[in-house]
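Asker: This is upload.pdb, which holds PDB, C-alpha atoms, pLDDT in the B column:
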```pdb
MODEL        1
ATOM      1  CA  MET A   1     158.360 117.524 150.618  1.00 59.00           C
ATOM      2  CA  GLY A   2     160.710 117.923 147.678  1.00 65.00           C
ATOM      3  CA  THR A   3     164.183 119.247 148.018  1.00 71.00           C
ATOM      4  CA  PHE A   4     165.837 121.812 145.845  1.00 69.00           C
ATOM      5  CA  ALA A   5     168.895 120.723 143.950  1.00 70.00           C
ATOM      6  CA  ASN A   6     172.013 122.562 144.942  1.00 69.00           C
ATOM      7  CA  LYS A   7     173.790 124.431 142.199  1.00 64.00           C
ATOM      8  CA  PRO A   8     177.416 124.930 142.826  1.00 65.00           C
ATOM      9  CA  TYR A   9     178.706 128.417 142.129  1.00 66.00           C
ATOM     10  CA  GLY A  10     179.751 128.888 138.502  1.00 62.00           C
ATOM     11  CA  GLN A  11     177.763 126.007 136.995  1.00 63.00           C
ATOM     12  CA  GLN A  12     176.212 126.905 133.639  1.00 60.00           C
ATOM     13  CA  SER A  13     172.500 126.676 132.944  1.00 65.00           C
ATOM     14  CA  ALA A  14     170.922 125.308 129.760  1.00 68.00           C
ATOM     15  CA  LEU A  15     170.908 128.792 128.196  1.00 67.00           C
ATOM     16  CA  GLY A  16     174.531 129.460 129.048  1.00 73.00           C
ATOM     17  CA  PRO A  17     176.069 128.664 125.645  1.00 75.00           C
ATOM     18  CA  LEU A  18     173.455 130.773 123.844  1.00 74.00           C
ATOM     19  CA  ALA A  19     174.040 133.680 126.197  1.00 75.00           C
ATOM     20  CA  ALA A  20     177.777 133.496 125.594  1.00 78.00           C
ATOM     21  CA  LYS A  21     177.271 133.540 121.816  1.00 79.00           C
ATOM     22  CA  ALA A  22     174.835 136.444 122.083  1.00 77.00           C
ATOM     23  CA  LYS A  23     177.437 138.423 124.027  1.00 81.00           C
ATOM     24  CA  LYS A  24     179.997 137.814 121.302  1.00 86.00           C
ATOM     25  CA  ARG A  25     177.723 138.627 118.347  1.00 84.00           C
ATOM     26  CA  PRO A  26     174.672 140.610 119.527  1.00 82.00           C
ATOM     27  CA  PHE A  27     173.708 141.770 116.030  1.00 84.00           C
ATOM     28  CA  LEU A  28     173.423 138.185 114.800  1.00 82.00           C
ATOM     29  CA  TYR A  29     171.026 137.172 117.581  1.00 81.00           C
ATOM     30  CA  PHE A  30     169.050 140.376 118.115  1.00 86.00           C
ATOM     31  CA  GLY A  31     169.558 142.819 115.243  1.00 89.00           C
ATOM     32  CA  LEU A  32     169.224 140.418 112.305  1.00 89.00           C
ATOM     33  CA  PRO A  33     165.888 138.868 113.422  1.00 89.00           C
ATOM     34  CA  PHE A  34     164.536 142.357 114.120  1.00 93.00           C
ATOM     35  CA  LEU A  35     165.501 143.587 110.646  1.00 94.00           C
ATOM     36  CA  ALA A  36     164.070 140.430 109.049  1.00 94.00           C
ATOM     37  CA  ILE A  37     160.726 140.989 110.797  1.00 95.00           C
ATOM     38  CA  MET A  38     160.658 144.653 109.738  1.00 96.00           C
ATOM     39  CA  VAL A  39     161.414 143.893 106.073  1.00 95.00           C
ATOM     40  CA  GLY A  40     159.004 140.924 105.991  1.00 95.00           C
ATOM     41  CA  GLY A  41     156.281 143.007 107.640  1.00 95.00           C
ATOM     42  CA  SER A  42     156.788 145.751 105.097  1.00 95.00           C
ATOM     43  CA  PHE A  43     156.218 143.338 102.219  1.00 94.00           C
ATOM     44  CA  GLY A  44     153.195 141.831 103.984  1.00 93.00           C
ATOM     45  CA  LEU A  45     151.603 145.225 104.598  1.00 94.00           C
ATOM     46  CA  ALA A  46     152.278 146.212 100.987  1.00 94.00           C
ATOM     47  CA  GLN A  47     150.270 143.172  99.834  1.00 94.00           C
ATOM     48  CA  LEU A  48     147.390 143.990 102.197  1.00 93.00           C
ATOM     49  CA  THR A  49     147.320 147.621 101.086  1.00 94.00           C
ATOM     50  CA  GLN A  50     147.344 146.626  97.422  1.00 94.00           C
ATOM     51  CA  THR A  51     144.404 144.276  98.023  1.00 93.00           C
ATOM     52  CA  LYS A  52     142.479 147.107  99.710  1.00 92.00           C
ATOM     53  CA  PHE A  53     143.047 149.424  96.761  1.00 91.00           C
ATOM     54  CA  ASP A  54     142.080 146.704  94.267  1.00 91.00           C
ATOM     55  CA  HIS A  55     138.732 146.155  96.003  1.00 89.00           C
ATOM     56  CA  ARG A  56     138.092 149.898  96.126  1.00 87.00           C
ATOM     57  CA  ASP A  57     138.854 150.215  92.406  1.00 84.00           C
ATOM     58  CA  ARG A  58     136.415 147.387  91.621  1.00 82.00           C
ATOM     59  CA  ARG A  59     133.679 149.207  93.530  1.00 80.00           C
ATOM     60  CA  HIS A  60     134.375 152.413  91.618  1.00 79.00           C
ATOM     61  CA  THR A  61     134.257 150.604  88.271  1.00 76.00           C
ATOM     62  CA  LYS A  62     130.821 149.242  89.199  1.00 73.00           C
ATOM     63  CA  VAL A  63     129.620 152.791  89.809  1.00 71.00           C
ATOM     64  CA  ALA A  64     131.145 153.844  86.497  1.00 70.00           C
ATOM     65  CA  LYS A  65     129.194 151.059  84.750  1.00 67.00           C
ATOM     66  CA  GLU A  66     125.965 152.310  86.324  1.00 66.00           C
ATOM     67  CA  GLU A  67     126.743 155.798  85.083  1.00 70.00           C
ATOM     68  CA  ALA A  68     127.445 154.410  81.613  1.00 68.00           C
ATOM     69  CA  LEU A  69     124.023 152.771  81.633  1.00 69.00           C
ATOM     70  CA  GLY A  70     122.459 156.099  82.537  1.00 67.00           C
ATOM     71  CA  MET A  71     120.890 154.913  85.760  1.00 62.00           C
ATOM     72  CA  ASP A  72     121.108 158.247  87.472  1.00 59.00           C
ATOM     73  CA  LYS A  73     119.594 160.360  84.702  1.00 61.00           C
ATOM     74  CA  ASN A  74     116.709 162.612  85.736  1.00 65.00           C
ATOM     75  CA  ARG A  75     117.474 161.902  89.372  1.00 68.00           C
ATOM     76  CA  ARG A  76     117.076 164.892  91.637  1.00 72.00           C
ATOM     77  CA  LYS A  77     119.267 165.555  94.642  1.00 76.00           C
ATOM     78  CA  LEU A  78     117.761 164.558  97.975  1.00 80.00           C
ATOM     79  CA  SER A  79     117.773 167.154 100.717  1.00 87.00           C
ATOM     80  CA  LEU A  80     116.172 166.405 104.071  1.00 91.00           C
ATOM     81  CA  GLN A  81     115.272 170.040 104.626  1.00 92.00           C
ATOM     82  CA  GLU A  82     113.514 170.299 101.257  1.00 90.00           C
ATOM     83  CA  GLU A  83     111.626 167.045 101.889  1.00 89.00           C
ATOM     84  CA  TYR A  84     110.551 168.271 105.333  1.00 89.00           C
ATOM     85  CA  PHE A  85     109.159 171.518 103.956  1.00 89.00           C
ATOM     86  CA  ARG A  86     107.506 169.699 101.030  1.00 86.00           C
ATOM     87  CA  LEU A  87     105.721 167.303 103.398  1.00 85.00           C
ATOM     88  CA  GLN A  88     104.656 170.147 105.673  1.00 85.00           C
ATOM     89  CA  ALA A  89     103.180 172.027 102.727  1.00 84.00           C
ATOM     90  CA  GLN A  90     100.951 169.113 101.775  1.00 81.00           C
ATOM     91  CA  THR A  91      97.461 169.413 103.164  1.00 71.00           C
ATOM     92  CA  ASP A  92      95.702 166.293 104.264  1.00 75.00           C
ATOM     93  CA  ASP A  93      92.245 167.822 104.709  1.00 76.00           C
ATOM     94  CA  GLU A  94      90.578 165.346 102.359  1.00 77.00           C
ATOM     95  CA  TRP A  95      90.365 162.442 104.766  1.00 76.00           C
ATOM     96  CA  GLU A  96      87.447 161.050 106.691  1.00 84.00           C
ATOM     97  CA  GLN A  97      87.493 159.184 109.980  1.00 86.00           C
ATOM     98  CA  VAL A  98      85.875 155.778 109.506  1.00 89.00           C
ATOM     99  CA  ARG A  99      85.044 153.429 112.343  1.00 88.00           C
ATOM    100  CA  ILE A 100      85.732 149.789 111.579  1.00 88.00           C
ATOM    101  CA  SER A 101      83.855 146.910 113.126  1.00 88.00           C
ATOM    102  CA  ARG A 102      85.544 145.023 115.950  1.00 87.00           C
ATOM    103  CA  PRO A 103      86.504 141.382 115.502  1.00 88.00           C
ATOM    104  CA  PRO A 104      83.851 138.934 116.700  1.00 88.00           C
ATOM    105  CA  GLY A 105      84.174 137.933 120.340  1.00 86.00           C
ATOM    106  CA  THR A 106      85.532 141.227 121.672  1.00 85.00           C
ATOM    107  CA  GLU A 107      83.598 143.698 123.798  1.00 79.00           C
ATOM    108  CA  GLN A 108      83.162 147.353 122.975  1.00 67.00           C
TER     109      GLN A 108
ENDMDL
END
```
Using the file provided, produce a representation of the structure as structure tokens.

Answerer:
Amino acid sequence: MGTFANKPYGQQSALGPLAAKAKKRPFLYFGLPFLAIMVGGSFGLAQLTQTKFDHRDRRHTKVAKEEALGMDKNRRKLSLQEEYFRLQAQTDDEWEQVRISRPPGTEQ
């Protein structure tokens, strides 16, 4: 079984010098990296947002081109309620039930 190494009281660990420097200048070790991440993230998010708006503008220009070509002329508005009533009003009384022959090899 392994033994634990004894540490005499007051001996510094490997992080001791860094901890001492952080106590002397906390802004340099904690505040400055935090501010750098915030400013860098702001610029990164600005680029992502600009890309999103550019793609949206491209989509809208495509629609504008379709309108310039006159693709939606004489197009009526679609309403589900109007279509439902229009289909209900149609009468399908002009049909006839026709029996088809079964495929060969099947029983009736």

Asker: To one decimal in Å, tell me the separation between CA of Arg59 (chain A) and CA of Leu80 (chain A).

Answerer: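 These atoms are spaced 26.7 Å apart.
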
Asker: How big is the axis-aligned box, and where does its centre sit, when it encloses all atoms of region 57-64 of chain A listed in the file and has 4 Å added on every side, reported in Å to one decimal as JSON?

Answerer:
```
{"center_x": 134.2, "center_y": 150.6, "center_z": 90.0, "size_x": 17.2, "size_y": 14.5, "size_z": 15.0}
```

Asker: Please, what distance in Å, to one decimal, runs between CA of Pro33 (chain A) and CA of Leu48 (chain A)?

Answerer: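 Rounded to one decimal, the two atoms are 22.2 Å apart.
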
Asker: I'd like the interatomic distance between CA of Leu35 (chain A) and CA of Ala19 (chain A), to a tenth of an Å.

Answerer: 20.3 Å
